[in-house]
Structure formats: structure tokens, C-alpha cells
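Visitor: Below is the file final04.cif, with mmCIF, C-alpha atoms and all ligand atoms.
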```
data_final
loop_
_atom_site.group_PDB
_atom_site.id
_atom_site.type_symbol
_atom_site.label_atom_id
_atom_site.label_comp_id
_atom_site.auth_asym_id
_atom_site.auth_seq_id
_atom_site.Cartn_x
_atom_site.Cartn_y
_atom_site.Cartn_z
ATOM 1 C CA MET A 20 -21.953 -17.203 16.304
ATOM 2 C CA ALA A 21 -21.217 -14.899 13.360
ATOM 3 C CA GLU A 22 -18.774 -12.952 15.522
ATOM 4 C CA LYS A 23 -16.915 -16.134 16.458
ATOM 5 C CA ARG A 24 -16.691 -17.104 12.798
ATOM 6 C CA ALA A 25 -15.281 -13.659 11.959
ATOM 7 C CA GLU A 26 -12.712 -13.940 14.754
ATOM 8 C CA ASN A 27 -11.637 -17.359 13.505
ATOM 9 C CA GLY A 28 -11.247 -16.034 9.952
ATOM 10 C CA VAL A 29 -9.065 -13.140 11.131
ATOM 11 C CA ALA A 30 -6.957 -15.464 13.270
ATOM 12 C CA ALA A 31 -6.464 -17.791 10.287
ATOM 13 C CA MET A 32 -5.226 -14.856 8.191
ATOM 14 C CA ALA A 33 -2.806 -13.823 10.945
ATOM 15 C CA ALA A 34 -1.454 -17.381 11.003
ATOM 16 C CA CYS A 35 -0.836 -17.270 7.229
ATOM 17 C CA TYR A 36 1.185 -14.102 7.637
ATOM 18 C CA GLN A 37 3.602 -15.723 10.078
ATOM 19 C CA ARG A 38 5.223 -17.295 6.991
ATOM 20 C CA PHE A 39 5.318 -14.072 4.936
ATOM 21 C CA ASP A 40 8.758 -13.585 3.316
ATOM 22 C CA PRO A 41 9.538 -9.924 2.540
ATOM 23 C CA ALA A 42 12.463 -10.703 0.220
ATOM 24 C CA ALA A 43 10.436 -13.148 -1.870
ATOM 25 C CA TYR A 44 7.433 -10.806 -1.945
ATOM 26 C CA LEU A 45 9.598 -7.974 -3.228
ATOM 27 C CA GLN A 46 11.154 -10.276 -5.853
ATOM 28 C CA TYR A 47 7.726 -11.492 -7.044
ATOM 29 C CA ASN A 48 6.067 -8.095 -7.387
ATOM 30 C CA TYR A 49 8.650 -5.310 -7.488
ATOM 31 C CA THR A 50 11.130 -6.478 -10.115
ATOM 32 C CA PRO A 51 10.522 -6.803 -13.891
ATOM 33 C CA PRO A 52 8.164 -7.423 -15.604
ATOM 34 C CA ARG A 53 5.789 -5.963 -12.979
ATOM 35 C CA ALA A 54 8.288 -3.209 -12.180
ATOM 36 C CA ASP A 55 9.805 -2.440 -15.576
ATOM 37 C CA PHE A 56 10.289 1.315 -15.926
ATOM 38 C CA ASP A 57 11.009 0.983 -19.642
ATOM 39 C CA ARG A 58 7.592 -0.573 -20.331
ATOM 40 C CA LYS A 59 4.590 1.715 -20.638
ATOM 41 C CA ASP A 60 2.259 -1.136 -19.669
ATOM 42 C CA SER A 61 4.131 -2.288 -16.560
ATOM 43 C CA ILE A 62 2.074 -2.260 -13.350
ATOM 44 C CA VAL A 63 4.397 -0.415 -10.999
ATOM 45 C CA PRO A 64 4.885 2.653 -13.260
ATOM 46 C CA TRP A 65 1.087 2.787 -13.580
ATOM 47 C CA LYS A 66 0.705 2.766 -9.794
ATOM 48 C CA LEU A 67 3.370 5.457 -9.351
ATOM 49 C CA ALA A 68 1.675 7.665 -11.970
ATOM 50 C CA CYS A 69 -1.717 7.283 -10.217
ATOM 51 C CA LEU A 70 -0.170 8.235 -6.868
ATOM 52 C CA HIS A 71 1.818 11.150 -8.347
ATOM 53 C CA ARG A 72 -1.319 12.637 -9.937
ATOM 54 C CA ALA A 73 -3.410 12.124 -6.810
ATOM 55 C CA PHE A 74 -0.871 13.769 -4.495
ATOM 56 C CA THR A 75 -0.080 16.711 -6.790
ATOM 57 C CA GLU A 76 -3.401 17.825 -8.300
ATOM 58 C CA GLY A 77 -3.915 20.371 -5.574
ATOM 59 C CA ASP A 78 -6.643 19.067 -3.240
ATOM 60 C CA VAL A 79 -4.449 16.850 -1.026
ATOM 61 C CA ASN A 80 -2.637 18.707 1.742
ATOM 62 C CA GLY A 81 -1.887 18.785 5.449
ATOM 63 C CA GLU A 82 0.747 17.587 7.884
ATOM 64 C CA LEU A 83 0.375 13.843 8.366
ATOM 65 C CA LEU A 84 0.224 10.984 5.850
ATOM 66 C CA VAL A 85 -0.214 7.423 7.161
ATOM 67 C CA ASP A 86 0.506 4.362 4.998
ATOM 68 C CA ILE A 87 -1.656 1.415 6.094
ATOM 69 C CA GLY A 88 -0.077 -2.020 5.748
ATOM 70 C CA SER A 89 3.189 -0.781 4.198
ATOM 71 C CA GLY A 90 4.711 -4.226 4.005
ATOM 72 C CA PRO A 91 8.370 -4.101 2.928
ATOM 73 C CA THR A 92 7.682 -1.430 0.268
ATOM 74 C CA LEU A 93 8.225 2.322 0.028
ATOM 75 C CA TYR A 94 6.873 3.189 -3.436
ATOM 76 C CA GLN A 95 3.506 4.198 -2.022
ATOM 77 C CA VAL A 96 4.924 7.326 -0.299
ATOM 78 C CA LEU A 97 7.465 8.527 -2.886
ATOM 79 C CA SER A 98 5.110 11.263 -4.113
ATOM 80 C CA GLY A 99 3.434 11.900 -0.756
ATOM 81 C CA CYS A 100 6.750 12.669 0.926
ATOM 82 C CA GLU A 101 6.902 15.929 -1.100
ATOM 83 C CA VAL A 102 3.459 17.032 0.160
ATOM 84 C CA PHE A 103 3.480 15.959 3.829
ATOM 85 C CA ASN A 104 6.159 16.732 6.406
ATOM 86 C CA GLN A 105 5.164 13.764 8.558
ATOM 87 C CA VAL A 106 4.761 10.231 7.199
ATOM 88 C CA LEU A 107 4.000 7.151 9.304
ATOM 89 C CA LEU A 108 4.624 3.702 7.856
ATOM 90 C CA THR A 109 2.783 0.765 9.419
ATOM 91 C CA ASP A 110 2.670 -2.993 9.212
ATOM 92 C CA PHE A 111 1.374 -6.052 11.059
ATOM 93 C CA LEU A 112 4.701 -7.886 10.893
ATOM 94 C CA GLU A 113 7.991 -6.996 12.573
ATOM 95 C CA VAL A 114 9.911 -8.506 9.640
ATOM 96 C CA ASN A 115 8.378 -5.877 7.356
ATOM 97 C CA ARG A 116 8.920 -3.048 9.829
ATOM 98 C CA GLN A 117 12.573 -4.156 10.089
ATOM 99 C CA GLU A 118 12.955 -4.124 6.275
ATOM 100 C CA LEU A 119 11.620 -0.564 6.187
ATOM 101 C CA ARG A 120 13.792 0.502 9.139
ATOM 102 C CA ARG A 121 16.906 -0.789 7.359
ATOM 103 C CA TRP A 122 16.183 1.530 4.424
ATOM 104 C CA VAL A 123 15.176 4.533 6.533
ATOM 105 C CA ARG A 124 18.337 4.204 8.665
ATOM 106 C CA ASP A 125 20.401 3.668 5.476
ATOM 107 C CA GLU A 126 21.872 0.538 7.054
ATOM 108 C CA GLY A 127 22.228 -1.274 3.718
ATOM 109 C CA SER A 128 21.279 -4.963 3.185
ATOM 110 C CA CYS A 129 17.782 -4.032 1.961
ATOM 111 C CA ASN A 130 16.086 -6.673 -0.171
ATOM 112 C CA LEU A 131 15.314 -4.243 -2.983
ATOM 113 C CA ASP A 132 17.155 -1.297 -4.530
ATOM 114 C CA TRP A 133 14.618 1.568 -4.527
ATOM 115 C CA THR A 134 16.801 3.805 -6.724
ATOM 116 C CA PRO A 135 14.894 3.155 -9.995
ATOM 117 C CA TYR A 136 11.649 3.976 -8.153
ATOM 118 C CA LEU A 137 13.053 7.239 -6.771
ATOM 119 C CA GLN A 138 14.394 8.145 -10.214
ATOM 120 C CA TYR A 139 11.071 7.384 -11.919
ATOM 121 C CA VAL A 140 9.060 9.522 -9.490
ATOM 122 C CA CYS A 141 11.598 12.363 -9.925
ATOM 123 C CA LYS A 142 10.936 12.097 -13.670
ATOM 124 C CA LEU A 143 7.166 12.306 -13.039
ATOM 125 C CA GLU A 144 7.870 15.450 -10.993
ATOM 126 C CA GLY A 145 9.793 17.010 -13.886
ATOM 127 C CA ARG A 146 13.077 16.790 -11.973
ATOM 128 C CA ARG A 147 16.337 15.377 -13.342
ATOM 129 C CA PRO A 148 16.690 11.682 -12.416
ATOM 130 C CA SER A 149 19.867 12.470 -10.432
ATOM 131 C CA ALA A 150 17.598 14.317 -7.976
ATOM 132 C CA TRP A 151 16.747 10.866 -6.616
ATOM 133 C CA THR A 152 19.370 11.334 -3.915
ATOM 134 C CA GLU A 153 17.600 14.466 -2.698
ATOM 135 C CA LYS A 154 14.265 12.610 -2.722
ATOM 136 C CA ALA A 155 15.816 9.827 -0.639
ATOM 137 C CA VAL A 156 17.050 12.411 1.895
ATOM 138 C CA LYS A 157 13.603 14.011 1.967
ATOM 139 C CA LEU A 158 11.855 10.662 2.454
ATOM 140 C CA ARG A 159 14.179 9.654 5.304
ATOM 141 C CA LYS A 160 13.516 13.031 6.906
ATOM 142 C CA VAL A 161 9.698 12.921 6.785
ATOM 143 C CA ILE A 162 9.240 9.278 7.858
ATOM 144 C CA LYS A 163 8.688 9.877 11.583
ATOM 145 C CA ASP A 164 8.004 6.269 12.651
ATOM 146 C CA ILE A 165 7.299 2.698 11.530
ATOM 147 C CA LEU A 166 4.514 1.296 13.714
ATOM 148 C CA PRO A 167 2.482 -1.864 14.263
ATOM 149 C CA ILE A 168 -1.073 -1.995 12.902
ATOM 150 C CA ASP A 169 -3.998 -4.413 12.771
ATOM 151 C CA VAL A 170 -6.806 -3.245 10.494
ATOM 152 C CA HIS A 171 -9.200 -5.784 12.032
ATOM 153 C CA ARG A 172 -9.165 -3.902 15.329
ATOM 154 C CA PRO A 173 -11.661 -1.054 15.687
ATOM 155 C CA GLN A 174 -8.624 0.932 16.852
ATOM 156 C CA PRO A 175 -5.990 -0.351 14.391
ATOM 157 C CA MET A 176 -3.013 1.485 15.976
ATOM 158 C CA ALA A 177 -1.845 2.161 19.529
ATOM 159 C CA PRO A 178 -3.600 5.063 21.282
ATOM 160 C CA GLY A 179 -1.827 8.338 20.458
ATOM 161 C CA ALA A 180 -0.040 6.919 17.412
ATOM 162 C CA VAL A 181 -2.187 9.253 15.311
ATOM 163 C CA PRO A 182 -3.515 12.595 16.651
ATOM 164 C CA SER A 183 -7.121 12.334 17.849
ATOM 165 C CA ALA A 184 -8.165 14.771 15.072
ATOM 166 C CA GLY A 185 -6.981 12.154 12.579
ATOM 167 C CA ALA A 186 -4.369 12.034 9.843
ATOM 168 C CA ASP A 187 -4.767 14.342 6.853
ATOM 169 C CA CYS A 188 -4.321 11.531 4.333
ATOM 170 C CA LEU A 189 -4.174 7.728 4.267
ATOM 171 C CA VAL A 190 -2.599 5.589 1.597
ATOM 172 C CA SER A 191 -3.013 1.814 1.543
ATOM 173 C CA CYS A 192 -1.927 -0.601 -1.136
ATOM 174 C CA PHE A 193 -2.860 -4.282 -1.517
ATOM 175 C CA CYS A 194 -3.582 -4.549 2.204
ATOM 176 C CA LEU A 195 -7.271 -4.789 3.121
ATOM 177 C CA GLU A 196 -8.295 -7.414 0.566
ATOM 178 C CA SER A 197 -5.104 -9.385 1.233
ATOM 179 C CA VAL A 198 -5.600 -9.630 4.976
ATOM 180 C CA SER A 199 -9.378 -10.112 5.244
ATOM 181 C CA PRO A 200 -11.113 -13.502 5.277
ATOM 182 C CA ASP A 201 -14.166 -12.218 3.395
ATOM 183 C CA LEU A 202 -15.886 -9.123 1.985
ATOM 184 C CA PRO A 203 -17.640 -8.128 5.237
ATOM 185 C CA ALA A 204 -14.245 -8.177 7.016
ATOM 186 C CA PHE A 205 -12.738 -6.090 4.182
ATOM 187 C CA THR A 206 -15.520 -3.526 4.604
ATOM 188 C CA ARG A 207 -15.168 -3.479 8.401
ATOM 189 C CA ALA A 208 -11.402 -2.930 8.048
ATOM 190 C CA LEU A 209 -12.043 -0.035 5.658
ATOM 191 C CA GLY A 210 -14.232 1.492 8.361
ATOM 192 C CA HIS A 211 -11.583 0.904 11.046
ATOM 193 C CA ILE A 212 -8.843 2.710 9.114
ATOM 194 C CA GLY A 213 -11.313 5.507 8.339
ATOM 195 C CA LYS A 214 -11.282 6.336 12.039
ATOM 196 C CA LEU A 215 -7.577 7.271 11.648
ATOM 197 C CA LEU A 216 -8.498 9.918 9.030
ATOM 198 C CA ARG A 217 -9.938 13.366 9.690
ATOM 199 C CA PRO A 218 -13.238 14.310 8.053
ATOM 200 C CA GLY A 219 -12.379 15.824 4.664
ATOM 201 C CA GLY A 220 -9.119 13.903 4.583
ATOM 202 C CA HIS A 221 -8.201 11.815 1.552
ATOM 203 C CA LEU A 222 -7.864 8.057 1.141
ATOM 204 C CA LEU A 223 -5.679 6.730 -1.688
ATOM 205 C CA LEU A 224 -6.369 3.013 -2.050
ATOM 206 C CA ILE A 225 -4.672 0.593 -4.435
ATOM 207 C CA GLY A 226 -5.826 -3.004 -4.522
ATOM 208 C CA ALA A 227 -6.271 -6.249 -6.381
ATOM 209 C CA LEU A 228 -9.299 -7.085 -8.493
ATOM 210 C CA GLY A 229 -10.428 -10.664 -9.013
ATOM 211 C CA GLU A 230 -7.626 -12.099 -6.920
ATOM 212 C CA SER A 231 -8.257 -15.177 -4.767
ATOM 213 C CA TYR A 232 -4.698 -15.864 -3.577
ATOM 214 C CA TYR A 233 -1.114 -14.692 -3.761
ATOM 215 C CA LEU A 234 2.274 -16.121 -2.780
ATOM 216 C CA GLY A 235 3.704 -14.374 0.282
ATOM 217 C CA GLY A 236 6.824 -16.488 -0.109
ATOM 218 C CA PRO A 237 7.853 -19.836 -1.635
ATOM 219 C CA GLY A 238 4.844 -22.107 -1.044
ATOM 220 C CA VAL A 239 3.160 -19.465 1.172
ATOM 221 C CA LYS A 240 -0.286 -19.254 -0.404
ATOM 222 C CA ILE A 241 -2.296 -16.421 1.166
ATOM 223 C CA PRO A 242 -6.046 -16.190 0.446
ATOM 224 C CA VAL A 243 -7.397 -12.877 -0.875
ATOM 225 C CA VAL A 244 -10.939 -11.510 -1.036
ATOM 226 C CA PRO A 245 -11.744 -11.455 -4.777
ATOM 227 C CA LEU A 246 -13.081 -7.927 -5.374
ATOM 228 C CA ASN A 247 -14.789 -6.248 -8.313
ATOM 229 C CA GLU A 248 -15.129 -2.511 -8.875
ATOM 230 C CA ALA A 249 -18.754 -2.400 -7.717
ATOM 231 C CA GLN A 250 -17.833 -4.031 -4.382
ATOM 232 C CA VAL A 251 -14.994 -1.566 -3.831
ATOM 233 C CA CYS A 252 -17.332 1.378 -4.515
ATOM 234 C CA SER A 253 -20.074 0.003 -2.299
ATOM 235 C CA SER A 254 -17.661 -0.681 0.601
ATOM 236 C CA LEU A 255 -16.327 2.881 0.319
ATOM 237 C CA LYS A 256 -19.857 4.314 0.396
ATOM 238 C CA GLU A 257 -20.872 2.056 3.279
ATOM 239 C CA THR A 258 -17.919 3.235 5.392
ATOM 240 C CA GLY A 259 -18.338 6.985 4.871
ATOM 241 C CA TYR A 260 -16.154 7.904 1.903
ATOM 242 C CA THR A 261 -17.057 9.904 -1.201
ATOM 243 C CA LEU A 262 -15.400 8.510 -4.313
ATOM 244 C CA ILE A 263 -13.416 11.100 -6.301
ATOM 245 C CA ARG A 264 -11.829 8.787 -8.900
ATOM 246 C CA LEU A 265 -11.517 5.076 -9.652
ATOM 247 C CA GLU A 266 -8.990 3.880 -12.236
ATOM 248 C CA VAL A 267 -8.420 0.273 -13.294
ATOM 249 C CA TYR A 268 -5.382 -1.453 -14.783
ATOM 250 C CA THR A 269 -5.987 -4.795 -16.488
ATOM 251 C CA LEU A 270 -3.004 -7.130 -16.404
ATOM 252 C CA PRO A 271 -1.560 -8.091 -19.794
ATOM 253 C CA GLN A 272 -0.803 -11.821 -20.083
ATOM 254 C CA ASP A 273 2.930 -11.429 -19.448
ATOM 255 C CA MET A 274 2.302 -9.626 -16.155
ATOM 256 C CA ARG A 275 0.629 -12.796 -14.893
ATOM 257 C CA VAL A 276 3.766 -14.428 -13.547
ATOM 258 C CA GLY A 277 2.340 -17.215 -11.386
ATOM 259 C CA VAL A 278 2.665 -15.513 -7.994
ATOM 260 C CA ASP A 279 -1.067 -14.769 -7.766
ATOM 261 C CA ASP A 280 -4.240 -14.878 -9.847
ATOM 262 C CA VAL A 281 -4.859 -11.125 -9.877
ATOM 263 C CA THR A 282 -6.656 -9.940 -13.023
ATOM 264 C CA GLY A 283 -6.663 -6.191 -12.429
ATOM 265 C CA VAL A 284 -5.517 -3.428 -10.104
ATOM 266 C CA PHE A 285 -7.729 -0.573 -8.913
ATOM 267 C CA PHE A 286 -6.710 2.906 -7.844
ATOM 268 C CA VAL A 287 -9.172 4.877 -5.718
ATOM 269 C CA LYS A 288 -9.012 8.492 -4.618
ATOM 270 C CA ALA A 289 -11.720 9.184 -2.077
ATOM 271 C CA LYS A 290 -12.543 11.729 0.606
ATOM 272 C CA LYS A 291 -13.855 11.003 4.103
ATOM 273 C CA ASP A 292 -17.303 12.524 4.617
HETATM 274 C C1 LIG B 301 0.101 -7.804 0.022
HETATM 275 S S1 LIG B 301 1.011 -7.010 1.278
HETATM 276 C C2 LIG B 301 0.997 -5.280 0.732
HETATM 277 C C3 LIG B 301 2.297 -4.618 0.966
HETATM 278 C C4 LIG B 301 2.488 -3.238 0.329
HETATM 279 N N1 LIG B 301 1.545 -2.266 0.872
HETATM 280 C C5 LIG B 301 2.382 -3.275 -1.199
HETATM 281 O O1 LIG B 301 1.799 -2.357 -1.754
HETATM 282 O O2 LIG B 301 2.918 -4.198 -1.799
HETATM 283 C C6 LIG B 301 -0.119 -6.995 2.630
HETATM 284 C C7 LIG B 301 0.490 -6.451 3.911
HETATM 285 O O3 LIG B 301 -0.495 -6.421 4.948
HETATM 286 C C8 LIG B 301 0.133 -6.773 6.191
HETATM 287 N N2 LIG B 301 -0.905 -7.284 7.103
HETATM 288 C C9 LIG B 301 -1.215 -8.568 7.367
HETATM 289 N N3 LIG B 301 -2.210 -8.632 8.272
HETATM 290 C C10 LIG B 301 -2.536 -7.335 8.588
HETATM 291 C C11 LIG B 301 -3.470 -6.733 9.451
HETATM 292 N N4 LIG B 301 -4.307 -7.478 10.192
HETATM 293 N N5 LIG B 301 -3.518 -5.392 9.530
HETATM 294 C C12 LIG B 301 -2.686 -4.627 8.779
HETATM 295 N N6 LIG B 301 -1.765 -5.136 7.921
HETATM 296 C C13 LIG B 301 -1.703 -6.481 7.834
HETATM 297 C C14 LIG B 301 1.165 -7.799 5.816
HETATM 298 O O4 LIG B 301 2.158 -7.912 6.818
HETATM 299 C C15 LIG B 301 1.675 -7.265 4.463
HETATM 300 O O5 LIG B 301 2.779 -6.432 4.665
HETATM 301 O O1 LIG B 302 1.673 -6.022 -9.888
HETATM 302 N N1 LIG B 302 1.918 -5.428 -8.811
HETATM 303 O O2 LIG B 302 2.516 -4.325 -8.746
HETATM 304 C C1 LIG B 302 1.473 -6.032 -7.612
HETATM 305 C C2 LIG B 302 2.047 -5.625 -6.416
HETATM 306 C C3 LIG B 302 1.625 -6.234 -5.244
HETATM 307 C C4 LIG B 302 0.652 -7.212 -5.263
HETATM 308 C C5 LIG B 302 0.059 -7.603 -6.471
HETATM 309 C C6 LIG B 302 0.479 -7.004 -7.662
HETATM 310 C C7 LIG B 302 -1.022 -8.613 -6.505
HETATM 311 N N2 LIG B 302 -1.124 -9.368 -5.269
HETATM 312 C C8 LIG B 302 -1.086 -8.505 -4.099
HETATM 313 C C9 LIG B 302 -1.389 -9.271 -2.836
HETATM 314 O O3 LIG B 302 -2.743 -9.552 -2.830
HETATM 315 C C10 LIG B 302 0.240 -7.838 -3.974
#
```
Would you mind writing the file out in C-alpha cells?
Ligand SMILES: C[S@@+](CC[C@H](N)C(=O)[O-])C[C@H]1O[C@@H](n2cnc3c(N)ncnc32)[C@H](O)[C@@H]1O
Ligand SMILES: O=[N+]([O-])c1ccc2c(c1)CN[C@@H](CO)C2
Guide:
Amino acid sequence: MAEKRAENGVAAMAACYQRFDPAAYLQYNYTPPRADFDRKDSIVPWKLACLHRAFTEGDVNGELLVDIGSGPTLYQVLSGCEVFNQVLLTDFLEVNRQELRRWVRDEGSCNLDWTPYLQYVCKLEGRRPSAWTEKAVKLRKVIKDILPIDVHRPQPMAPGAVPSAGADCLVSCFCLESVSPDLPAFTRALGHIGKLLRPGGHLLLIGALGESYYLGGPGVKIPVVPLNEAQVCSSLKETGYTLIRLEVYTLPQDMRVGVDDVTGVFFVKAKKD
């Protein structure tokens, strides 16, 4: 009975995502004020700084980085692409994989200009902002594929998509809590993606705190599992990760722009036991 209920919840979430609109999602979350590189308290610069520090403080290394639930966004691998020579992007929806493919193939007509993001991460790396063109070349070179994923499956990706030994690092941003019907499903999904990671590999997780819904497009209200820090830590422990660092960003009033009811954003760096 409980299993049937879980299956129904997952199916309901999948149905919501059929109306997901990448262009609107990018507009809502990845333009000012949430992505204002001149504001010290803007959310996106905070996320990029967390990722830059996590990727460059010396303990994260290896060959393969996998981004879980990439959506139509690239910011999550702008630092990682300097550390790993193989990056896999993944998403549940073809529309998002197509948006990413358009950027990787430099085909134009992307729904967001990633230049300010590339420039900002170059600045974090102590490079001149004009080095953004080199970073773009590097990123296009290391992204080896853009693949389907379903975190609710015990094997989230196709067999062989990731070497059996596991990836060296996973990054996942605003995915698990945004695609799960409840906290148990969130925790199960965290365990499923953990199987893609080698023991000793790192997980960099960014997510929403206290969020119960977000707009995946005009009028596309998607339910979210409202998480607090304690729940995130307990789910990590329950699924075989050791927490290295948890940082929290609390949204100022003017970052609450009506596209969701998120109150905070967490950044986790953890290691698989
Ligand atoms: C809120 S978006 C996050 C996008 C991006 N990572 C970011 O940081 O903004 C959630 C993403 O999860 C994807 N998704 C939906 N159901 C999924 C599932 N069952 N497994 C993996 N990803 C899923 C959606 O297509 C969407 O791109
Ligand atoms: O402020 N942000 O940078 C930002 C980016 C993406 C998302 C949020 C906030 C909050 N909602 C999630 C979906 O649950 C998606």
C-alpha cells in the first residue's frame, strides 16, 4: 500500500514537469535580482562562491563530475570544469537537455546569456574577466554528454552511463526536493544518486529550505518538499554521506519575487562513506 502511494506521488510529480518551461524558469531565477553580480547579497553569486570554494580547496579531484538534474542551467559546473576533464549533465526532460545542447554546440538561440556567469567565476578564480571565452571553450570541451536521469529509480541513469566504480564527484542543485512528493522520497532519491558516486567521492548539494512550491512556468505550480537544515543533515547521514560543510543563505525580502516561497538556500559539501 505504501509503495503504491509512493509510486503515485512520483507519477504526479512527473506529470507536473510535463509543463516545465525552461525559458520562464531561467527568467524567474537566473536574472536580476536573484542573479545580480553587482549585489553582494544576490543568491546566484553566493551559490557560485560556495561552488568555487568547494571545488578548489584541494580535496575534490578525479576524472568524472556528474551534475544531477541540470535543468536548463550551466552555472553549477563552471568551477568544476577546471577540476574534472569529464563532465556529464543530466535531466529528466528533453526540453532541458535540448537547451543545454544548444549552448554546448554553440548553436545560439539559448534562453539565457551565460557570459556574466562565466566572467564572475573567472573573477573568483583570479583571472581577468575576458578569460570567460577560454572558460567557455574549456566547458564545451569537458562536457562529454547530456543524458536522461530519474532520481526516483534505484538506478537513476542508463546502465554504463557512469563507470561501475562510480563518478568522482556529484553536484546537484534544487533537484531532489523539487522532484520528490515527500521527505521519504527525497531521502530515497539521495540514496539512489549516491550509487552513482564512488566511496570517498564528494557530493555538492544546493537546495531550497522551507519551500513548498515554485513556478516552473507561467501558472505551472510545482510542489516542493519543505526542508529544514536538520532534515537535510539527517537524510545525508541516513544515505551514507559524511557532512563536511553546510552553509545557509537566507533570502532578503527583495529576493522573494513571487516565483516560489523559498526562505533559504543550503549548500552542502559531503563525502560518500
Ligand atoms: C528546480 S529544477 C533545478 C534545475 C537546476 N539544477 C538549477 O539549479 O536551477 C529541477 C530539475 O529537476 C528535473 N527533474 C524533474 N523530475 C526529475 C527526476 N525524477 N529525476 C531527475 N531530475 C528531475 C527537472 O526537469 C528540472 O530540470
Ligand atoms: O534564487 N535562486 O538562485 C534560485 C534558483 C533556483 C531555484 C530557487 C532559487 C528556488 N526554487 C527552486 C525550485 O524549487 C529553484
Visitor: Which residue gives the smallest distance to ligand LIG 302 (chain B) among A:Val243, A:Ile165, A:Leu262, A:Leu158, with all atoms listed in the file counted?
Guide: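 Between A:Val243, A:Ile165, A:Leu262, A:Leu158, the residue approaching ligand LIG 302 (chain B) most closely is A:Val243.
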Visitor: Between A:Leu97, A:Ala155, A:Arg275, A:Tyr36, which residue has the minimum interatomic distance to Arg124 (chain A), considering all atoms listed in the file?
Guide: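 Of the candidates, the smallest distance to Arg124 (chain A) is held by A:Ala155.
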Visitor: Using all atoms listed in the file, which residues of the polymer chains come no farther than 7 Å from ligand LIG 301 (chain B)? I'd like the answer as a list in words.
Guide: Met32, Ala33, Tyr36, Ile87, Gly88, Ser89, Gly90, Pro91, Thr92, Gln95, Asp110, Phe111, Leu112, Asn115, Ile168, Asp169, Val170, His171, Ser191, Cys192, Phe193, Cys194, Ser197 and Val198 of chain A
Visitor: Those same residues, written as an mmCIF file, in the frame of the given file with C-alpha atoms?
Guide:
```cif
data_model
loop_
_atom_site.group_PDB
_atom_site.id
_atom_site.type_symbol
_atom_site.label_atom_id
_atom_site.label_comp_id
_atom_site.auth_asym_id
_atom_site.auth_seq_id
_atom_site.Cartn_x
_atom_site.Cartn_y
_atom_site.Cartn_z
ATOM 1 C CA MET A 32 -5.226 -14.856 8.191
ATOM 2 C CA ALA A 33 -2.806 -13.823 10.945
ATOM 3 C CA TYR A 36 1.185 -14.102 7.637
ATOM 4 C CA ILE A 87 -1.656 1.415 6.094
ATOM 5 C CA GLY A 88 -0.077 -2.020 5.748
ATOM 6 C CA SER A 89 3.189 -0.781 4.198
ATOM 7 C CA GLY A 90 4.711 -4.226 4.005
ATOM 8 C CA PRO A 91 8.370 -4.101 2.928
ATOM 9 C CA THR A 92 7.682 -1.430 0.268
ATOM 10 C CA GLN A 95 3.506 4.198 -2.022
ATOM 11 C CA ASP A 110 2.670 -2.993 9.212
ATOM 12 C CA PHE A 111 1.374 -6.052 11.059
ATOM 13 C CA LEU A 112 4.701 -7.886 10.893
ATOM 14 C CA ASN A 115 8.378 -5.877 7.356
ATOM 15 C CA ILE A 168 -1.073 -1.995 12.902
ATOM 16 C CA ASP A 169 -3.998 -4.413 12.771
ATOM 17 C CA VAL A 170 -6.806 -3.245 10.494
ATOM 18 C CA HIS A 171 -9.200 -5.784 12.032
ATOM 19 C CA SER A 191 -3.013 1.814 1.543
ATOM 20 C CA CYS A 192 -1.927 -0.601 -1.136
ATOM 21 C CA PHE A 193 -2.860 -4.282 -1.517
ATOM 22 C CA CYS A 194 -3.582 -4.549 2.204
ATOM 23 C CA SER A 197 -5.104 -9.385 1.233
ATOM 24 C CA VAL A 198 -5.600 -9.630 4.976
#
```
Visitor: Using all atoms listed in the file, which residues of the polymer chains come no farther than 8 Å from ligand LIG 302 (chain B)? I'd like the answer as an MDAnalysis selection string.
Guide: chainID A and resid 48:49 53:54 62:63 66 192:194 196:197 226:227 230 232:235 241 243 274 278:281 284
Visitor: Hey, can you spit out that residue selection with C-alpha atoms as a short mmCIF file (atom, residue, chain, number, x, y, z; two decimals), in the coordinates of the input?
Guide:
```cif
data_model
loop_
_atom_site.label_atom_id
_atom_site.label_comp_id
_atom_site.auth_asym_id
_atom_site.auth_seq_id
_atom_site.Cartn_x
_atom_site.Cartn_y
_atom_site.Cartn_z
CA ASN A 48 6.07 -8.10 -7.39
CA TYR A 49 8.65 -5.31 -7.49
CA ARG A 53 5.79 -5.96 -12.98
CA ALA A 54 8.29 -3.21 -12.18
CA ILE A 62 2.07 -2.26 -13.35
CA VAL A 63 4.40 -0.42 -11.00
CA LYS A 66 0.70 2.77 -9.79
CA CYS A 192 -1.93 -0.60 -1.14
CA PHE A 193 -2.86 -4.28 -1.52
CA CYS A 194 -3.58 -4.55 2.20
CA GLU A 196 -8.30 -7.41 0.57
CA SER A 197 -5.10 -9.38 1.23
CA GLY A 226 -5.83 -3.00 -4.52
CA ALA A 227 -6.27 -6.25 -6.38
CA GLU A 230 -7.63 -12.10 -6.92
CA TYR A 232 -4.70 -15.86 -3.58
CA TYR A 233 -1.11 -14.69 -3.76
CA LEU A 234 2.27 -16.12 -2.78
CA GLY A 235 3.70 -14.37 0.28
CA ILE A 241 -2.30 -16.42 1.17
CA VAL A 243 -7.40 -12.88 -0.88
CA MET A 274 2.30 -9.63 -16.16
CA VAL A 278 2.66 -15.51 -7.99
CA ASP A 279 -1.07 -14.77 -7.77
CA ASP A 280 -4.24 -14.88 -9.85
CA VAL A 281 -4.86 -11.12 -9.88
CA VAL A 284 -5.52 -3.43 -10.10
#
```
Visitor: So which one's closest to Pro167 (chain A), A:Lys291, A:Arg207, A:Arg147, A:Arg116? Using all atoms listed in the file, please.
Guide: A:Arg116
Visitor: For the PyMOL selection byres (((chain A and resi 29) around 12) and not hetatm), applied here, can you spell out every residue it catches as a VMD selection string?
Guide: chain A and resid 22 to 28 30 to 36 169 to 172 195 197 to 201 203 to 205 207 to 208 242
Visitor: Using all atoms listed in the file, find the one residue out of A:Arg38, A:Lys160, A:Arg58, A:Arg72 that sits nearest to Phe103 (chain A).
Guide: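 Using all atoms listed in the file, the shortest distance to Phe103 (chain A) belongs to A:Lys160.
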Visitor: Considering only C-alpha atoms, can you say which of A:Ala68, A:Asn104, A:Val123, A:Asp60 comes closest to Cys141 (chain A)?
Guide: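 Using only C-alpha atoms, the shortest distance to Cys141 (chain A) belongs to A:Ala68.
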